[in-house]
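Novice: The structure is given below, and queries will be raised subsequently.
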Amino acid sequence: MNFDLDLDELVMTTALTDINDAKILIVDDNQANVALLEALLDEDDYPNIYSTTDPFQVMPMFNEQQFDLILLDIRMPGMSGIEILHDLRLVVGDDYLPVIVLTAQTDEATRRQALEAGAKDFITKPFSDWEVLLRVRNTLQTRLYYTRQILRADLLENEIRERTREIRENQFEIVQRLGVAGELRDNETGAHVKRMSHICGFLATKRNLGFDYSEHLLYASTMHDVGKIGIPDSILLKSGSLNEHEWQVMQQHPKIGAKIIGNHNSKLISLAREVALFHHEKWDGTGYPHGISGDSIPISAQIAAVSDVFDALTSERPYKSAWPVEKAAQEIENCAGTHFEPKTVKIFIENLAEIRKIKESYLDQNDYLMI
Ligand SMILES: [Fe+2]
Ligand SMILES: [Fe+2]
């Protein structure tokens, strides 16, 4: 599909394409001048002509019709054309203001004021027919190009927004699927990934990290254990306790995960890498693989550590029964400042009721691809 061609076709069918289709408003307190201009424009095949002799009617009419051109008298009783220009500017903002002012030949100061207030051109009274028609045509031509450009820019922006959303959704989907792949190698279930990641997103929101970051962390954290793909079954699925060598191998899973995820500028991928690499670090520096402590541990991993351990404790596994939520919360609280970052623990405890709800929304099932 030729995107440029589609866009141009859409612009041509939506925007003002023929200047003779333009909607033109004539404003002059002198009815004779209005009639003269109407006749002139009618002769040059402009069928959409509107007019008023009352300057106070201009803004209500403009708000209703969005004219492509206004022929505006300057000297009118009660309200001048300059005042109307200022009012119009307030409504159209930075948009193109399609106004030609009608002034006396001698009135240079007013012409200058009008041009400064945003008028695009002026026609001097008494009018000569050819001048009116040429200036109208030229101004409408500019108006036409302008509206086409604006429409084109709007359509492009919408298209870009739509494609960005698609890319973002695709990224989220792929990351989640990889997260499930990691869990499939372990005793964990897809539901663990779902619960853990939703608790991560929730805690990030409560820590005031913003919607965008929290949403990214929700998806990124699903990959926290993807590195388990690289751990041999003999160790990963061993029913007894691990010997020292096996434990060392097991402790490689954060680094393997970071390697699988790779380095990428994408916010989601770099956050996923961060969580995978640091989710077993501890606040007091006794974690792995780097043994870093305190705020050297990225906040994403600080949050992931609490969420991951809480869900692991409250879930049933072949080698242990599920802890009650209160007991697990107590354990998390006891480990504030040693295993876990204290502020996250405080927020976790304060919002335990909500976290319990998240946990109960995603119960363990044998459907590994339930995400
Ligand atoms: Fe892990
Ligand atoms: Fe986990």
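By convention here, the chains of the structure tokens are called A, B, ... in the order presented, each chain's residues are numbered starting at 1, and ligands are numbered starting at 1 in the order presented.
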Which residues sit within 8 Å of ligand 2, counting only C-alpha atoms and all ligand atoms, listed as a PyMOL selection string?

Specialist: chain A and resi 183+188+192-193+196+224-225+308-309+311-312

Novice: Okay, now the selection with C-alpha atoms, as a compact mmCIF listing (two decimals), in the first residue's frame?

Specialist:
```
# COMPACT_ATOMS: atom_id res chain seq x y z
CA GLU A 183 8.26 -19.46 34.00
CA GLU A 188 6.05 -21.20 38.60
CA HIS A 192 2.52 -16.01 39.16
CA VAL A 193 3.88 -13.80 36.40
CA MET A 196 3.71 -10.43 40.37
CA HIS A 224 12.12 -11.17 35.63
CA ASP A 225 12.93 -14.90 35.50
CA ASP A 308 8.08 -11.50 43.55
CA VAL A 309 8.79 -12.71 47.08
CA ASP A 311 3.67 -13.86 45.52
CA ALA A 312 6.09 -16.76 45.91
```

Novice: Produce a table with one row for each residue of chain A that has an atom at most 12 Å from any atom of ligand 1, each row naming the nearest atom pair and its distance in Å at one decimal; use only C-alpha atoms and all ligand atoms; arrange rows by chain and rising residue number; format as JSON lines.

Specialist:
```
{"residue": "A:Gly179", "atom": "CA", "partner": "ligand 1", "partner_atom_place_in_ligand_line": "1 (Fe)", "distance": 11.3}
{"residue": "A:Gly182", "atom": "CA", "partner": "ligand 1", "partner_atom_place_in_ligand_line": "1 (Fe)", "distance": 9.7}
{"residue": "A:Glu183", "atom": "CA", "partner": "ligand 1", "partner_atom_place_in_ligand_line": "1 (Fe)", "distance": 9.7}
{"residue": "A:Arg185", "atom": "CA", "partner": "ligand 1", "partner_atom_place_in_ligand_line": "1 (Fe)", "distance": 11.9}
{"residue": "A:Asp186", "atom": "CA", "partner": "ligand 1", "partner_atom_place_in_ligand_line": "1 (Fe)", "distance": 10.1}
{"residue": "A:Asn187", "atom": "CA", "partner": "ligand 1", "partner_atom_place_in_ligand_line": "1 (Fe)", "distance": 11.9}
{"residue": "A:Glu188", "atom": "CA", "partner": "ligand 1", "partner_atom_place_in_ligand_line": "1 (Fe)", "distance": 10.6}
{"residue": "A:Val193", "atom": "CA", "partner": "ligand 1", "partner_atom_place_in_ligand_line": "1 (Fe)", "distance": 11.2}
{"residue": "A:Met196", "atom": "CA", "partner": "ligand 1", "partner_atom_place_in_ligand_line": "1 (Fe)", "distance": 11.7}
{"residue": "A:Ser221", "atom": "CA", "partner": "ligand 1", "partner_atom_place_in_ligand_line": "1 (Fe)", "distance": 10.6}
{"residue": "A:Thr222", "atom": "CA", "partner": "ligand 1", "partner_atom_place_in_ligand_line": "1 (Fe)", "distance": 10.9}
{"residue": "A:Met223", "atom": "CA", "partner": "ligand 1", "partner_atom_place_in_ligand_line": "1 (Fe)", "distance": 9.4}
{"residue": "A:His224", "atom": "CA", "partner": "ligand 1", "partner_atom_place_in_ligand_line": "1 (Fe)", "distance": 6.1}
{"residue": "A:Asp225", "atom": "CA", "partner": "ligand 1", "partner_atom_place_in_ligand_line": "1 (Fe)", "distance": 4.6}
{"residue": "A:Val226", "atom": "CA", "partner": "ligand 1", "partner_atom_place_in_ligand_line": "1 (Fe)", "distance": 8.2}
{"residue": "A:Gly227", "atom": "CA", "partner": "ligand 1", "partner_atom_place_in_ligand_line": "1 (Fe)", "distance": 7.9}
{"residue": "A:Lys228", "atom": "CA", "partner": "ligand 1", "partner_atom_place_in_ligand_line": "1 (Fe)", "distance": 7.7}
{"residue": "A:Ile229", "atom": "CA", "partner": "ligand 1", "partner_atom_place_in_ligand_line": "1 (Fe)", "distance": 11.2}
{"residue": "A:Ile231", "atom": "CA", "partner": "ligand 1", "partner_atom_place_in_ligand_line": "1 (Fe)", "distance": 11.4}
{"residue": "A:Leu236", "atom": "CA", "partner": "ligand 1", "partner_atom_place_in_ligand_line": "1 (Fe)", "distance": 11.3}
{"residue": "A:Met250", "atom": "CA", "partner": "ligand 1", "partner_atom_place_in_ligand_line": "1 (Fe)", "distance": 9.0}
{"residue": "A:Gln251", "atom": "CA", "partner": "ligand 1", "partner_atom_place_in_ligand_line": "1 (Fe)", "distance": 8.4}
{"residue": "A:Gln252", "atom": "CA", "partner": "ligand 1", "partner_atom_place_in_ligand_line": "1 (Fe)", "distance": 9.5}
{"residue": "A:His253", "atom": "CA", "partner": "ligand 1", "partner_atom_place_in_ligand_line": "1 (Fe)", "distance": 6.7}
{"residue": "A:Pro254", "atom": "CA", "partner": "ligand 1", "partner_atom_place_in_ligand_line": "1 (Fe)", "distance": 6.5}
{"residue": "A:Lys255", "atom": "CA", "partner": "ligand 1", "partner_atom_place_in_ligand_line": "1 (Fe)", "distance": 10.3}
{"residue": "A:Ile256", "atom": "CA", "partner": "ligand 1", "partner_atom_place_in_ligand_line": "1 (Fe)", "distance": 10.7}
{"residue": "A:Gly257", "atom": "CA", "partner": "ligand 1", "partner_atom_place_in_ligand_line": "1 (Fe)", "distance": 9.1}
{"residue": "A:Ala258", "atom": "CA", "partner": "ligand 1", "partner_atom_place_in_ligand_line": "1 (Fe)", "distance": 11.5}
{"residue": "A:Val275", "atom": "CA", "partner": "ligand 1", "partner_atom_place_in_ligand_line": "1 (Fe)", "distance": 9.5}
{"residue": "A:Ala276", "atom": "CA", "partner": "ligand 1", "partner_atom_place_in_ligand_line": "1 (Fe)", "distance": 7.3}
{"residue": "A:Leu277", "atom": "CA", "partner": "ligand 1", "partner_atom_place_in_ligand_line": "1 (Fe)", "distance": 8.9}
{"residue": "A:Phe278", "atom": "CA", "partner": "ligand 1", "partner_atom_place_in_ligand_line": "1 (Fe)", "distance": 9.0}
{"residue": "A:His279", "atom": "CA", "partner": "ligand 1", "partner_atom_place_in_ligand_line": "1 (Fe)", "distance": 6.5}
{"residue": "A:His280", "atom": "CA", "partner": "ligand 1", "partner_atom_place_in_ligand_line": "1 (Fe)", "distance": 6.3}
{"residue": "A:Glu281", "atom": "CA", "partner": "ligand 1", "partner_atom_place_in_ligand_line": "1 (Fe)", "distance": 10.0}
{"residue": "A:Gly287", "atom": "CA", "partner": "ligand 1", "partner_atom_place_in_ligand_line": "1 (Fe)", "distance": 11.4}
{"residue": "A:Tyr288", "atom": "CA", "partner": "ligand 1", "partner_atom_place_in_ligand_line": "1 (Fe)", "distance": 10.0}
{"residue": "A:Pro289", "atom": "CA", "partner": "ligand 1", "partner_atom_place_in_ligand_line": "1 (Fe)", "distance": 10.7}
{"residue": "A:Ala301", "atom": "CA", "partner": "ligand 1", "partner_atom_place_in_ligand_line": "1 (Fe)", "distance": 10.9}
{"residue": "A:Ala304", "atom": "CA", "partner": "ligand 1", "partner_atom_place_in_ligand_line": "1 (Fe)", "distance": 9.9}
{"residue": "A:Ala305", "atom": "CA", "partner": "ligand 1", "partner_atom_place_in_ligand_line": "1 (Fe)", "distance": 8.9}
{"residue": "A:Val306", "atom": "CA", "partner": "ligand 1", "partner_atom_place_in_ligand_line": "1 (Fe)", "distance": 11.9}
{"residue": "A:Ser307", "atom": "CA", "partner": "ligand 1", "partner_atom_place_in_ligand_line": "1 (Fe)", "distance": 11.5}
{"residue": "A:Asp308", "atom": "CA", "partner": "ligand 1", "partner_atom_place_in_ligand_line": "1 (Fe)", "distance": 8.1}
{"residue": "A:Val309", "atom": "CA", "partner": "ligand 1", "partner_atom_place_in_ligand_line": "1 (Fe)", "distance": 9.4}
{"residue": "A:Ala312", "atom": "CA", "partner": "ligand 1", "partner_atom_place_in_ligand_line": "1 (Fe)", "distance": 10.5}
```

Novice: Output N, CA and C atoms for every residue in that selection, as a tab-separated table (two decimals), in the first residue's frame.

Specialist:
```
chain	number	residue	atom	x	y	z
A	179	GLY	N	8.23	-13.79	29.11
A	179	GLY	CA	8.12	-13.98	30.56
A	179	GLY	C	7.51	-15.33	30.88
A	182	GLY	N	9.95	-18.16	30.38
A	182	GLY	CA	10.86	-18.32	31.52
A	182	GLY	C	10.21	-19.10	32.63
A	183	GLU	N	8.96	-18.79	32.90
A	183	GLU	CA	8.26	-19.46	34.00
A	183	GLU	C	7.97	-20.93	33.67
A	185	ARG	N	9.80	-23.01	32.45
A	185	ARG	CA	10.95	-23.84	32.78
A	185	ARG	C	10.99	-24.17	34.27
A	186	ASP	N	10.21	-23.43	35.04
A	186	ASP	CA	10.31	-23.52	36.49
A	186	ASP	C	9.04	-24.14	37.06
A	187	ASN	N	8.93	-24.12	38.36
A	187	ASN	CA	7.69	-24.58	38.98
A	187	ASN	C	6.61	-23.51	38.98
A	188	GLU	N	7.01	-22.29	38.55
A	188	GLU	CA	6.05	-21.20	38.60
A	188	GLU	C	4.97	-21.40	37.54
A	193	VAL	N	3.36	-14.92	37.17
A	193	VAL	CA	3.88	-13.80	36.40
A	193	VAL	C	2.84	-12.68	36.36
A	196	MET	N	2.50	-11.15	40.00
A	196	MET	CA	3.71	-10.43	40.37
A	196	MET	C	3.81	-9.12	39.58
A	221	SER	N	8.29	-6.43	34.12
A	221	SER	CA	8.57	-7.36	35.23
A	221	SER	C	8.15	-8.80	34.90
A	222	THR	N	7.31	-8.95	33.86
A	222	THR	CA	6.93	-10.33	33.51
A	222	THR	C	8.15	-11.14	33.08
A	223	MET	N	9.22	-10.44	32.70
A	223	MET	CA	10.42	-11.15	32.23
A	223	MET	C	11.46	-11.37	33.33
A	224	HIS	N	11.09	-11.16	34.58
A	224	HIS	CA	12.12	-11.17	35.63
A	224	HIS	C	12.90	-12.49	35.68
A	225	ASP	N	12.23	-13.61	35.39
A	225	ASP	CA	12.93	-14.90	35.50
A	225	ASP	C	13.21	-15.55	34.15
A	226	VAL	N	13.22	-14.74	33.09
A	226	VAL	CA	13.43	-15.32	31.76
A	226	VAL	C	14.79	-16.04	31.67
A	227	GLY	N	15.73	-15.63	32.52
A	227	GLY	CA	17.06	-16.25	32.52
A	227	GLY	C	17.04	-17.71	32.93
A	228	LYS	N	15.94	-18.15	33.54
A	228	LYS	CA	15.85	-19.57	33.94
A	228	LYS	C	15.84	-20.49	32.72
A	229	ILE	N	15.56	-19.92	31.56
A	229	ILE	CA	15.66	-20.68	30.31
A	229	ILE	C	17.07	-21.28	30.18
A	231	ILE	N	19.11	-22.24	32.65
A	231	ILE	CA	19.56	-23.08	33.77
A	231	ILE	C	19.19	-24.55	33.47
A	236	LEU	N	17.39	-26.73	37.96
A	236	LEU	CA	16.15	-25.96	38.07
A	236	LEU	C	15.02	-26.79	38.68
A	250	MET	N	22.52	-21.55	39.64
A	250	MET	CA	21.17	-20.97	39.76
A	250	MET	C	21.24	-19.44	39.86
A	251	GLN	N	22.25	-18.96	40.54
A	251	GLN	CA	22.38	-17.51	40.74
A	251	GLN	C	22.80	-16.77	39.47
A	252	GLN	N	23.02	-17.54	38.43
A	252	GLN	CA	23.38	-16.91	37.15
A	252	GLN	C	22.13	-16.44	36.39
A	253	HIS	N	20.93	-16.88	36.85
A	253	HIS	CA	19.75	-16.61	36.02
A	253	HIS	C	19.48	-15.11	35.80
A	254	PRO	N	19.80	-14.22	36.77
A	254	PRO	CA	19.59	-12.79	36.44
A	254	PRO	C	20.49	-12.32	35.28
A	255	LYS	N	21.75	-12.78	35.30
A	255	LYS	CA	22.68	-12.36	34.22
A	255	LYS	C	22.26	-12.97	32.88
A	256	ILE	N	21.84	-14.24	32.93
A	256	ILE	CA	21.39	-14.88	31.68
A	256	ILE	C	20.16	-14.15	31.14
A	257	GLY	N	19.26	-13.80	32.06
A	257	GLY	CA	18.06	-13.06	31.65
A	257	GLY	C	18.43	-11.74	30.98
A	258	ALA	N	19.36	-11.01	31.59
A	258	ALA	CA	19.78	-9.72	31.02
A	258	ALA	C	20.36	-9.93	29.62
A	275	VAL	N	15.08	-5.19	35.56
A	275	VAL	CA	14.36	-6.03	36.53
A	275	VAL	C	14.97	-7.43	36.55
A	276	ALA	N	15.23	-7.98	35.36
A	276	ALA	CA	15.78	-9.35	35.29
A	276	ALA	C	17.15	-9.41	35.98
A	277	LEU	N	17.96	-8.39	35.75
A	277	LEU	CA	19.33	-8.42	36.28
A	277	LEU	C	19.39	-8.18	37.79
A	278	PHE	N	18.48	-7.35	38.32
A	278	PHE	CA	18.64	-6.91	39.72
A	278	PHE	C	17.55	-7.40	40.68
A	279	HIS	N	16.63	-8.28	40.22
A	279	HIS	CA	15.51	-8.58	41.11
A	279	HIS	C	15.88	-9.44	42.32
A	280	HIS	N	17.11	-9.99	42.34
A	280	HIS	CA	17.54	-10.75	43.53
A	280	HIS	C	18.57	-9.99	44.35
A	281	GLU	N	18.79	-8.72	44.01
A	281	GLU	CA	19.65	-7.91	44.86
A	281	GLU	C	18.89	-7.58	46.14
A	287	GLY	N	22.46	-9.67	48.39
A	287	GLY	CA	21.79	-10.39	47.29
A	287	GLY	C	22.76	-10.77	46.17
A	288	TYR	N	22.22	-11.18	45.06
A	288	TYR	CA	23.04	-11.55	43.91
A	288	TYR	C	22.41	-11.01	42.64
A	289	PRO	N	23.11	-10.93	41.52
A	289	PRO	CA	24.47	-11.45	41.25
A	289	PRO	C	25.58	-10.44	41.60
A	301	ALA	N	13.72	-2.78	40.29
A	301	ALA	CA	14.09	-4.07	40.90
A	301	ALA	C	13.72	-4.08	42.39
A	304	ALA	N	10.16	-4.95	42.23
A	304	ALA	CA	9.99	-6.33	41.74
A	304	ALA	C	10.34	-7.34	42.83
A	305	ALA	N	11.37	-7.03	43.64
A	305	ALA	CA	11.79	-7.97	44.69
A	305	ALA	C	10.65	-8.20	45.68
A	306	VAL	N	10.00	-7.12	46.13
A	306	VAL	CA	8.89	-7.24	47.08
A	306	VAL	C	7.74	-8.04	46.45
A	307	SER	N	7.39	-7.66	45.21
A	307	SER	CA	6.25	-8.31	44.55
A	307	SER	C	6.51	-9.79	44.33
A	308	ASP	N	7.73	-10.11	43.88
A	308	ASP	CA	8.08	-11.50	43.55
A	308	ASP	C	8.07	-12.38	44.80
A	309	VAL	N	8.71	-11.90	45.86
A	309	VAL	CA	8.79	-12.71	47.08
A	309	VAL	C	7.40	-12.87	47.70
A	312	ALA	N	5.52	-15.42	45.72
A	312	ALA	CA	6.09	-16.76	45.91
A	312	ALA	C	5.68	-17.32	47.28
```

Novice: Mind checking DSSP for stretch 80-248 of chain A and telling me the helix (DSSP H, G or I) residues as a PyMOL selection string?

Specialist: chain A and resi 81-92+108-116+129-184+190-206+211-223+226-230+233-236+244-248

Novice: With distances taken over only C-alpha atoms, which of A:Arg177, A:Arg165, A:Lys120, A:Lys23 is nearest to A:Leu102?

Specialist: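 Going through A:Arg177, A:Arg165, A:Lys120, A:Lys23 one by one, the smallest distance to A:Leu102 is for A:Lys120.
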
Novice: Can you build me a table of stretch 181-207 of chain A residues sitting at most 10 Å from stretch 348-367 of chain A, with the closest atom pair per residue and its distance in Å to one decimal, using only C-alpha atoms, sorted by chain and residue number, as a Markdown table?

Specialist:
```
| residue | atom | partner | partner_atom | distance |
| --- | --- | --- | --- | --- |
| A:Glu188 | CA | A:Asp364 | CA | 9.4 |
| A:Thr189 | CA | A:Asp364 | CA | 6.8 |
| A:Gly190 | CA | A:Asp367 | CA | 7.1 |
| A:Ala191 | CA | A:Asp364 | CA | 5.2 |
| A:His192 | CA | A:Asp364 | CA | 7.3 |
| A:Val193 | CA | A:Tyr362 | CA | 9.6 |
| A:Lys194 | CA | A:Tyr362 | CA | 6.9 |
| A:Arg195 | CA | A:Lys359 | CA | 5.6 |
| A:Met196 | CA | A:Lys359 | CA | 8.3 |
| A:His198 | CA | A:Ile358 | CA | 7.1 |
| A:Ile199 | CA | A:Ile355 | CA | 6.5 |
| A:Cys200 | CA | A:Ile355 | CA | 9.9 |
| A:Phe202 | CA | A:Ile355 | CA | 8.0 |
| A:Leu203 | CA | A:Phe348 | CA | 6.9 |
| A:Lys206 | CA | A:Asn351 | CA | 8.6 |
| A:Arg207 | CA | A:Phe348 | CA | 9.7 |
```

Novice: Put those residues in a file: C-alpha atoms, as an mmCIF file, in the first residue's frame.

Specialist:
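The result, written out as again_12.cif:
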```
data_model
loop_
_atom_site.group_PDB
_atom_site.id
_atom_site.type_symbol
_atom_site.label_atom_id
_atom_site.label_comp_id
_atom_site.auth_asym_id
_atom_site.auth_seq_id
_atom_site.Cartn_x
_atom_site.Cartn_y
_atom_site.Cartn_z
ATOM 1 C CA GLU A 188 6.048 -21.201 38.596
ATOM 2 C CA THR A 189 2.842 -20.689 36.680
ATOM 3 C CA GLY A 190 1.670 -18.071 34.243
ATOM 4 C CA ALA A 191 -0.557 -16.791 37.040
ATOM 5 C CA HIS A 192 2.517 -16.009 39.164
ATOM 6 C CA VAL A 193 3.878 -13.799 36.396
ATOM 7 C CA LYS A 194 0.546 -12.074 36.062
ATOM 8 C CA ARG A 195 0.115 -11.466 39.811
ATOM 9 C CA MET A 196 3.708 -10.426 40.374
ATOM 10 C CA HIS A 198 0.370 -6.431 38.347
ATOM 11 C CA ILE A 199 1.560 -5.916 41.920
ATOM 12 C CA CYS A 200 4.723 -4.281 40.479
ATOM 13 C CA PHE A 202 0.372 -1.126 41.343
ATOM 14 C CA LEU A 203 3.275 -0.413 43.728
ATOM 15 C CA LYS A 206 1.554 4.155 44.638
ATOM 16 C CA ARG A 207 5.202 5.246 44.709
#
```

Novice: What lies within 9 Å of A:Met76 using only C-alpha atoms, ignoring chain neighbours under 5 positions off, as a PyMOL selection string?

Specialist: chain A and resi 28-30+53-55+81

Novice: Please produce an output containing C-alpha atoms for each residue in the selection, written as a compact mmCIF listing (two decimals), in the first residue's frame.

Specialist:
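Result file is part.txt:
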```
# COMPACT_ATOMS: atom_id res chain seq x y z
CA ASP A 28 -19.56 46.32 5.95
CA ASP A 29 -21.98 48.66 7.67
CA ASN A 30 -22.75 50.20 4.27
CA THR A 53 -23.85 45.05 8.14
CA ASP A 54 -23.73 44.47 11.91
CA PRO A 55 -20.15 44.11 13.25
CA GLY A 81 -12.74 45.99 12.19
```

Novice: Would you mind reading off the distance between atom CA of A:Tyr213 and atom CA of A:Ile299, one decimal, in Å?

Specialist: 11.0 Å

Novice: Env of A:Phe172: 8 Å cut, atoms = only C-alpha atoms, seq-sep filter 2 positions within chain, self excluded. Answer as a PyMOL selection string.

Specialist: chain A and resi 168-170+174-176+219-220+268

Novice: I'd like the interatomic distance between atom CA of A:Lys259 and atom CA of A:Ala272, to a tenth of an Å.

Specialist: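 These two atoms are separated by 11.1 Å.
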
Novice: Find, counting only C-alpha atoms, the residue in A:His86, A:His339, A:Arg112, A:Lys267 that gets nearest to A:Asp284.

Specialist: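 When distances to A:Asp284 are compared using only C-alpha atoms, the smallest one comes from A:His339.
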
Novice: What is the atom CA of A:Pro342-atom CA of A:Ile303 distance in Å, reported with one decimal?

Specialist: 10.4 Å

Novice: What residues in stretch 293-348 of chain A get the DSSP label strand (DSSP E or B)? Please answer as a list in words.

Specialist: Arg317, Lys320, Ala336 and Phe340 of chain A

Novice: Since we have the selection now, will you write its residues out, keeping C-alpha atoms, as an mmCIF file, in the first residue's frame?

Specialist:
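Heads up, here's the output in selection-v5.cif:
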```cif
data_model
loop_
_atom_site.group_PDB
_atom_site.id
_atom_site.type_symbol
_atom_site.label_atom_id
_atom_site.label_comp_id
_atom_site.auth_asym_id
_atom_site.auth_seq_id
_atom_site.Cartn_x
_atom_site.Cartn_y
_atom_site.Cartn_z
ATOM 1 C CA ARG A 317 4.476 -25.019 45.342
ATOM 2 C CA LYS A 320 5.664 -25.942 50.237
ATOM 3 C CA ALA A 336 12.409 -3.944 55.378
ATOM 4 C CA PHE A 340 13.750 -4.926 50.853
#
```

Novice: At a cut-off of 9 Å, using only C-alpha atoms, what residues contact A:Val249? Leave out same-chain residues fewer than 5 positions from it and give the result as a ChimeraX atom specification.

Specialist: /A:231-232,235,244

Novice: Please save C-alpha atoms of the selected residues as a PDB file, in the first residue's frame.

Specialist:
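Saved to result13.pdb:
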```
ATOM      1  CA  ILE A 231      19.562 -23.085  33.770  1.00  0.00           C
ATOM      2  CA  PRO A 232      19.850 -26.892  33.307  1.00  0.00           C
ATOM      3  CA  ILE A 235      19.319 -27.868  38.811  1.00  0.00           C
ATOM      4  CA  GLU A 244      27.063 -25.031  46.444  1.00  0.00           C
TER       5      GLU A 244
END
```
